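Here is the file entry.pdb (PDB, C-alpha atoms).
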ATOM      1  CA  MET A 667     -59.767 -92.011 -59.010
ATOM      2  CA  THR A 668     -60.600 -90.713 -62.489
ATOM      3  CA  ALA A 669     -58.151 -91.784 -65.176
ATOM      4  CA  THR A 670     -56.120 -89.054 -66.860
ATOM      5  CA  ARG A 671     -57.487 -88.264 -70.307
ATOM      6  CA  VAL A 672     -54.631 -87.909 -72.746
ATOM      7  CA  ALA A 673     -54.418 -86.732 -76.354
ATOM      8  CA  LEU A 674     -51.535 -87.981 -78.489
ATOM      9  CA  TYR A 675     -49.939 -85.607 -80.979
ATOM     10  CA  LEU A 676     -47.703 -87.052 -83.709
ATOM     11  CA  ARG A 677     -45.838 -85.273 -86.490
ATOM     12  CA  VAL A 678     -43.350 -86.117 -89.234
ATOM     13  CA  SER A 679     -41.735 -83.615 -91.578
ATOM     14  CA  THR A 680     -41.928 -85.595 -94.841
ATOM     15  CA  SER A 681     -44.325 -88.044 -96.444
ATOM     16  CA  LYS A 682     -41.520 -90.639 -96.507
ATOM     17  CA  GLN A 683     -41.385 -90.727 -92.710
ATOM     18  CA  SER A 684     -43.726 -92.652 -90.427
ATOM     19  CA  THR A 685     -45.256 -91.836 -87.052
ATOM     20  CA  GLU A 686     -45.487 -95.529 -86.138
ATOM     21  CA  ASN A 687     -42.566 -95.538 -83.696
ATOM     22  CA  GLN A 688     -43.869 -92.404 -81.975
ATOM     23  CA  LEU A 689     -47.272 -94.006 -81.574
ATOM     24  CA  ILE A 690     -45.867 -97.277 -80.189
ATOM     25  CA  ASP A 691     -43.830 -95.478 -77.523
ATOM     26  CA  LEU A 692     -46.653 -93.168 -76.454
ATOM     27  CA  ARG A 693     -49.203 -95.971 -76.277
ATOM     28  CA  ARG A 694     -46.803 -97.968 -74.110
ATOM     29  CA  VAL A 695     -46.425 -95.015 -71.733
ATOM     30  CA  ALA A 696     -50.210 -94.450 -71.631
ATOM     31  CA  GLU A 697     -50.780 -98.096 -70.762
ATOM     32  CA  SER A 698     -48.129 -98.129 -68.034
ATOM     33  CA  ARG A 699     -49.551 -94.981 -66.452
ATOM     34  CA  GLN A 700     -53.163 -96.029 -66.962
ATOM     35  CA  TRP A 701     -53.994 -93.003 -69.073
ATOM     36  CA  THR A 702     -57.119 -93.026 -71.211
ATOM     37  CA  ILE A 703     -56.276 -92.028 -74.793
ATOM     38  CA  THR A 704     -59.126 -89.823 -76.008
ATOM     39  CA  LYS A 705     -57.894 -88.983 -79.497
ATOM     40  CA  LEU A 706     -54.921 -89.166 -81.838
ATOM     41  CA  TYR A 707     -53.878 -85.985 -83.673
ATOM     42  CA  GLN A 708     -51.438 -86.372 -86.533
ATOM     43  CA  ASP A 709     -49.695 -83.983 -88.951
ATOM     44  CA  ASN A 710     -47.924 -85.788 -91.793
ATOM     45  CA  GLY A 711     -45.331 -84.181 -94.037
ATOM     46  CA  ILE A 712     -45.387 -80.828 -92.230
ATOM     47  CA  SER A 713     -42.279 -79.095 -90.946
ATOM     48  CA  GLY A 714     -42.072 -78.232 -87.260
ATOM     49  CA  SER A 715     -41.157 -74.677 -88.236
ATOM     50  CA  LYS A 716     -44.679 -74.160 -89.552
ATOM     51  CA  GLY A 717     -47.126 -72.285 -87.372
ATOM     52  CA  ARG A 718     -50.425 -73.477 -86.007
ATOM     53  CA  ASP A 719     -52.355 -72.218 -89.039
ATOM     54  CA  SER A 720     -50.330 -74.505 -91.317
ATOM     55  CA  ARG A 721     -50.703 -77.602 -89.122
ATOM     56  CA  PRO A 722     -54.347 -78.769 -89.156
ATOM     57  CA  ALA A 723     -53.979 -81.451 -86.485
ATOM     58  CA  LEU A 724     -52.141 -79.140 -84.088
ATOM     59  CA  ASN A 725     -54.769 -76.471 -84.652
ATOM     60  CA  GLU A 726     -57.541 -78.959 -83.887
ATOM     61  CA  LEU A 727     -55.635 -80.201 -80.834
ATOM     62  CA  LEU A 728     -55.357 -76.725 -79.335
ATOM     63  CA  LYS A 729     -59.013 -75.972 -80.064
ATOM     64  CA  ASP A 730     -60.016 -79.178 -78.274
ATOM     65  CA  ALA A 731     -57.746 -78.187 -75.388
ATOM     66  CA  THR A 732     -59.833 -75.039 -74.883
ATOM     67  CA  ARG A 733     -62.896 -77.306 -74.695
ATOM     68  CA  ARG A 734     -61.149 -79.412 -72.013
ATOM     69  CA  LYS A 735     -61.563 -82.622 -73.984
ATOM     70  CA  PHE A 736     -58.444 -84.002 -72.280
ATOM     71  CA  ASP A 737     -56.199 -83.349 -69.292
ATOM     72  CA  LEU A 738     -52.814 -83.918 -70.862
ATOM     73  CA  ILE A 739     -51.105 -83.885 -74.265
ATOM     74  CA  ALA A 740     -48.395 -86.452 -74.968
ATOM     75  CA  VAL A 741     -45.775 -85.984 -77.684
ATOM     76  CA  TRP A 742     -42.784 -88.134 -78.555
ATOM     77  CA  ALA A 743     -40.240 -85.275 -78.541
ATOM     78  CA  ILE A 744     -40.313 -81.531 -77.995
ATOM     79  CA  ASP A 745     -39.496 -80.846 -81.657
ATOM     80  CA  ARG A 746     -42.718 -82.608 -82.639
ATOM     81  CA  LEU A 747     -44.554 -79.577 -81.270
ATOM     82  CA  GLY A 748     -42.272 -77.137 -83.051
ATOM     83  CA  ARG A 749     -38.700 -76.342 -84.020
ATOM     84  CA  SER A 750     -39.290 -72.617 -83.856
ATOM     85  CA  LEU A 751     -38.738 -71.333 -80.330
ATOM     86  CA  GLN A 752     -41.462 -68.763 -80.864
ATOM     87  CA  HIS A 753     -44.111 -71.320 -81.832
ATOM     88  CA  LEU A 754     -42.980 -73.727 -79.127
ATOM     89  CA  VAL A 755     -43.135 -71.144 -76.359
ATOM     90  CA  GLU A 756     -46.547 -69.901 -77.498
ATOM     91  CA  THR A 757     -47.974 -73.440 -77.603
ATOM     92  CA  VAL A 758     -46.654 -74.446 -74.187
ATOM     93  CA  ASN A 759     -47.803 -71.203 -72.574
ATOM     94  CA  GLU A 760     -51.247 -71.612 -74.128
ATOM     95  CA  LEU A 761     -51.510 -75.102 -72.624
ATOM     96  CA  HIS A 762     -50.469 -73.747 -69.248
ATOM     97  CA  ALA A 763     -53.165 -71.073 -69.388
ATOM     98  CA  LEU A 764     -55.728 -73.776 -70.204
ATOM     99  CA  ASP A 765     -54.533 -75.936 -67.301
ATOM    100  CA  VAL A 766     -53.631 -78.743 -69.708
ATOM    101  CA  ASP A 767     -50.445 -80.656 -68.900
ATOM    102  CA  LEU A 768     -47.751 -81.796 -71.315
ATOM    103  CA  TYR A 769     -45.780 -85.036 -71.449
ATOM    104  CA  VAL A 770     -42.686 -85.247 -73.687
ATOM    105  CA  HIS A 771     -41.320 -88.769 -73.961
ATOM    106  CA  GLN A 772     -37.768 -88.241 -75.234
ATOM    107  CA  GLN A 773     -37.005 -85.362 -72.875
ATOM    108  CA  ALA A 774     -38.711 -87.045 -69.901
ATOM    109  CA  LEU A 775     -40.798 -83.929 -69.298
ATOM    110  CA  ASP A 776     -44.105 -84.289 -67.457
ATOM    111  CA  THR A 777     -45.720 -81.053 -66.263
ATOM    112  CA  SER A 778     -48.324 -82.972 -64.257
ATOM    113  CA  THR A 779     -45.575 -83.681 -61.683
ATOM    114  CA  PRO A 780     -44.245 -81.102 -59.218
ATOM    115  CA  ALA A 781     -40.787 -81.155 -60.816
ATOM    116  CA  GLY A 782     -42.248 -80.918 -64.313
ATOM    117  CA  LYS A 783     -44.275 -77.824 -63.473
ATOM    118  CA  LEU A 784     -41.007 -75.919 -63.361
ATOM    119  CA  ALA A 785     -40.904 -76.261 -67.138
ATOM    120  CA  PHE A 786     -43.863 -73.898 -67.473
ATOM    121  CA  SER A 787     -41.897 -71.244 -65.582
ATOM    122  CA  VAL A 788     -38.935 -71.777 -67.899
ATOM    123  CA  PHE A 789     -41.069 -71.378 -70.996
ATOM    124  CA  ALA A 790     -42.688 -68.251 -69.557
ATOM    125  CA  ALA A 791     -39.205 -66.812 -69.008
ATOM    126  CA  LEU A 792     -38.247 -67.690 -72.573
ATOM    127  CA  ALA A 793     -41.357 -65.919 -73.848
ATOM    128  CA  GLU A 794     -40.433 -62.743 -71.966
ATOM    129  CA  TYR A 795     -36.842 -63.010 -73.222
ATOM    130  CA  GLU A 796     -38.094 -63.303 -76.802
ATOM    131  CA  ARG A 797     -40.395 -60.284 -76.369
ATOM    132  CA  GLU A 798     -37.433 -58.259 -75.117
ATOM    133  CA  LEU A 799     -35.364 -59.337 -78.133
ATOM    134  CA  ILE A 800     -38.161 -58.173 -80.450
ATOM    135  CA  ARG A 801     -38.385 -54.816 -78.666
ATOM    136  CA  GLU A 802     -34.609 -54.404 -78.948
ATOM    137  CA  ARG A 803     -34.667 -55.209 -82.681
ATOM    138  CA  VAL A 804     -37.423 -52.644 -83.168
ATOM    139  CA  ARG A 805     -35.474 -49.994 -81.255
ATOM    140  CA  CYS A 806     -32.361 -50.721 -83.315
ATOM    141  CA  GLY A 807     -34.386 -50.481 -86.516
ATOM    142  CA  LEU A 808     -35.829 -47.131 -85.529
ATOM    143  CA  ASP A 809     -32.374 -45.850 -84.546
ATOM    144  CA  ARG A 810     -30.984 -46.844 -87.938
ATOM    145  CA  ALA A 811     -33.902 -45.106 -89.639
ATOM    146  CA  ARG A 812     -33.174 -41.891 -87.738
ATOM    147  CA  GLN A 813     -29.486 -42.114 -88.623
ATOM    148  CA  ASN A 814     -30.472 -42.472 -92.281
ATOM    149  CA  GLY A 815     -32.475 -39.262 -92.103
ATOM    150  CA  ILE A 816     -35.953 -40.817 -91.981
ATOM    151  CA  LYS A 817     -38.261 -38.588 -89.976
ATOM    152  CA  LEU A 818     -40.071 -40.607 -87.336
ATOM    153  CA  GLY A 819     -43.312 -39.533 -85.743
ATOM    154  CA  ARG A 820     -44.836 -40.613 -82.472
ATOM    155  CA  PRO A 821     -44.841 -44.411 -81.946
ATOM    156  CA  THR A 822     -48.588 -44.512 -82.600
ATOM    157  CA  ASN A 823     -48.197 -42.778 -85.994
ATOM    158  CA  LEU A 824     -47.874 -44.958 -89.039
ATOM    159  CA  ASN A 825     -44.799 -44.015 -91.048
ATOM    160  CA  ASP A 826     -42.349 -45.689 -93.406
ATOM    161  CA  SER A 827     -40.200 -46.977 -90.559
ATOM    162  CA  VAL A 828     -43.152 -48.518 -88.733
ATOM    163  CA  ARG A 829     -44.421 -50.055 -91.987
ATOM    164  CA  ALA A 830     -41.011 -51.596 -92.639
ATOM    165  CA  THR A 831     -40.836 -52.921 -89.094
ATOM    166  CA  ILE A 832     -44.295 -54.491 -89.395
ATOM    167  CA  LEU A 833     -43.276 -56.297 -92.586
ATOM    168  CA  ALA A 834     -39.983 -57.435 -91.079
ATOM    169  CA  MET A 835     -41.592 -58.774 -87.911
ATOM    170  CA  ARG A 836     -44.322 -60.564 -89.837
ATOM    171  CA  SER A 837     -41.765 -62.168 -92.157
ATOM    172  CA  SER A 838     -40.258 -63.662 -88.996
ATOM    173  CA  ASP A 839     -43.690 -65.123 -88.116
ATOM    174  CA  VAL A 840     -44.295 -62.737 -85.219
ATOM    175  CA  PRO A 841     -48.061 -62.881 -84.429
ATOM    176  CA  ILE A 842     -50.244 -59.931 -85.467
ATOM    177  CA  ARG A 843     -51.247 -59.035 -81.903
ATOM    178  CA  ARG A 844     -47.639 -59.057 -80.746
ATOM    179  CA  ILE A 845     -46.608 -56.782 -83.605
ATOM    180  CA  ALA A 846     -49.397 -54.352 -82.743
ATOM    181  CA  ALA A 847     -48.526 -54.367 -79.029
ATOM    182  CA  THR A 848     -44.796 -53.925 -79.646
ATOM    183  CA  LEU A 849     -45.249 -51.020 -82.057
ATOM    184  CA  ARG A 850     -48.261 -49.561 -80.224
ATOM    185  CA  VAL A 851     -50.508 -49.598 -83.276
ATOM    186  CA  GLY A 852     -53.893 -51.198 -83.817
ATOM    187  CA  THR A 853     -54.209 -54.724 -85.157
ATOM    188  CA  MET A 854     -56.208 -53.365 -88.104
ATOM    189  CA  THR A 855     -53.281 -51.087 -88.910
ATOM    190  CA  VAL A 856     -51.002 -54.128 -89.056
ATOM    191  CA  TYR A 857     -53.463 -55.986 -91.294
ATOM    192  CA  ASN A 858     -53.761 -52.949 -93.584
ATOM    193  CA  VAL A 859     -49.989 -52.616 -93.965
ATOM    194  CA  LEU A 860     -49.647 -56.325 -94.743
ATOM    195  CA  GLY A 861     -52.565 -56.176 -97.189
ATOM    196  CA  GLN A 862     -51.079 -53.211 -99.011
ATOM    197  CA  ALA A 863     -47.739 -54.989 -99.294
ATOM    198  CA  VAL A 864     -49.402 -58.051-100.852
ATOM    199  CA  SER A 865     -51.492 -55.990-103.279
ATOM    200  CA  GLN A 866     -48.568 -53.933-104.548
ATOM    201  CA  PRO A 867     -47.471 -55.036-108.044
ATOM    202  CA  ALA A 868     -44.043 -56.616-108.317
ATOM    203  CA  LEU A 869     -41.280 -54.457-109.789
ATOM    204  CA  PRO A 870     -40.333 -55.314-113.404
TER     205      PRO A 870
END

Could you write out this structure as structure tokens?
Amino acid sequence: MTATRVALYLRVSTSKQSTENQLIDLRRVAESRQWTITKLYQDNGISGSKGRDSRPALNELLKDATRRKFDLIAVWAIDRLGRSLQHLVETVNELHALDVDLYVHQQALDTSTPAGKLAFSVFAALAEYERELIRERVRCGLDRARQNGIKLGRPTNLNDSVRATILAMRSSDVPIRRIAATLRVGTMTVYNVLGQAVSQPALP
């Protein structure tokens, strides 16, 4: 039987913290389960609220997952992957789509087991719940704009309300593609709105 190839992901939020205890526990689990550790990925001094683009090791880990360099990712605790529900759900669902399992030591979660596979369904449900919350916030924003006398065009038309919604969603770290899909505009439209907001001079 081929040994399970596992990648270890470690993270601490500040430079004063150490990943040593995380590593000791995960290596002990790997040895007891006869996993083969293929690589160690480590983000030091980076908050779990940061997205993939701001966490080099996590970004590399997920890229290697697409290349099927391992069968399973082991982390010490679920908040090592992310403290933002949005980022956490996106990461777990991406792993599921890649057929890569996840082991979380502190929460005793192992999606390679029949019982653990239920977790993927839970995270998928959370993702849909979050998408519905975003849609509801957008609808409420548009309703408020109408009540304030702002003339709204068709959903595909770019207007002040849509621009404001794009900026608000992006400030909450909603991914570009999700913003475009929710508002029914092109991704280039979203990029253009964000670019224009950055290039505008600050008010005196």

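In terms of minimum interatomic distance to Leu724 of chain A, A:Ala673 ranks closest within A:Leu738, A:Ala696, A:Leu689, A:Ala673, counting all atoms listed in the file.
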
Hey, can I get the axis-aligned box for segment 678-687 of chain A? All listed atoms, 4 Å padding on each side, centre and edge lengths in Å to one decimal, as lines of an AutoDock Vina configuration file.
center_x = -43.4
center_y = -89.6
center_z = -90.1
size_x = 12.1
size_y = 19.9
size_z = 20.8

**Item:** Pairwise distance for atom CA of Asn687 of chain A and atom CA of Lys729 of chain A, rounded to one decimal in Å
**Value:** 25.8 Å

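Atom pair atom CA of Tyr857 of chain A / atom CA of Ile800 of chain A has a distance of 18.9 Å (rounded to one decimal).
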
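Residues selected in this file by the PyMOL selection byres ((chain A and resi 831) around 10) comprise A:Arg803, A:Val804, A:Arg805, A:Gly807, A:Leu808, A:Asn825, A:Asp826, A:Ser827, A:Val828, A:Arg829, A:Ala830, A:Ile832, A:Leu833, A:Ala834, A:Met835, A:Arg836, A:Ser837, A:Ile845, A:Leu849.
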
**Message:** I need the residue nearest His771 of chain A from this list: A:Asp691, A:Asp839, A:Asp719, A:Glu756. Use all atoms listed in the file for the distance.
**Reply:** A:Asp691

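Atom CA of Val788 of chain A is positioned 27.6 Å from atom CA of Arg693 of chain A.
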
**Request:** Find the spatial neighbours of Arg734 of chain A, counting all atoms listed in the file, within a cut-off of 12 Å - ignore same-chain residues fewer than 2 positions away - and output them as a count of residues only.
**Result:** 20

**Request:** Can you pull out every residue within 12 Å of Gly748 of chain A, counting all atoms listed in the file, but drop anything in the same chain fewer than 2 positions away, and send it as a PyMOL selection string?
**Result:** chain A and resi 675-679+709+712-718+720-721+724+741-746+750-758

**Message:** For a quick check of understanding, using only C-alpha atoms, which of A:Leu674, A:Leu747, A:Ala774, A:Ile842 has the smallest distance to Leu692 of chain A?
**Reply:** A:Leu674

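Run against this file, the PyMOL selection byres ((chain A and resi 668) around 10) gives back Met667, Ala669, Thr670, Arg671, Trp701 and Thr702 of chain A.
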
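Counting all atoms listed in the file and comparing A:Asp776, A:Arg843, A:Lys682, A:Asn725, the residue that lies closest to Thr855 of chain A is A:Arg843.
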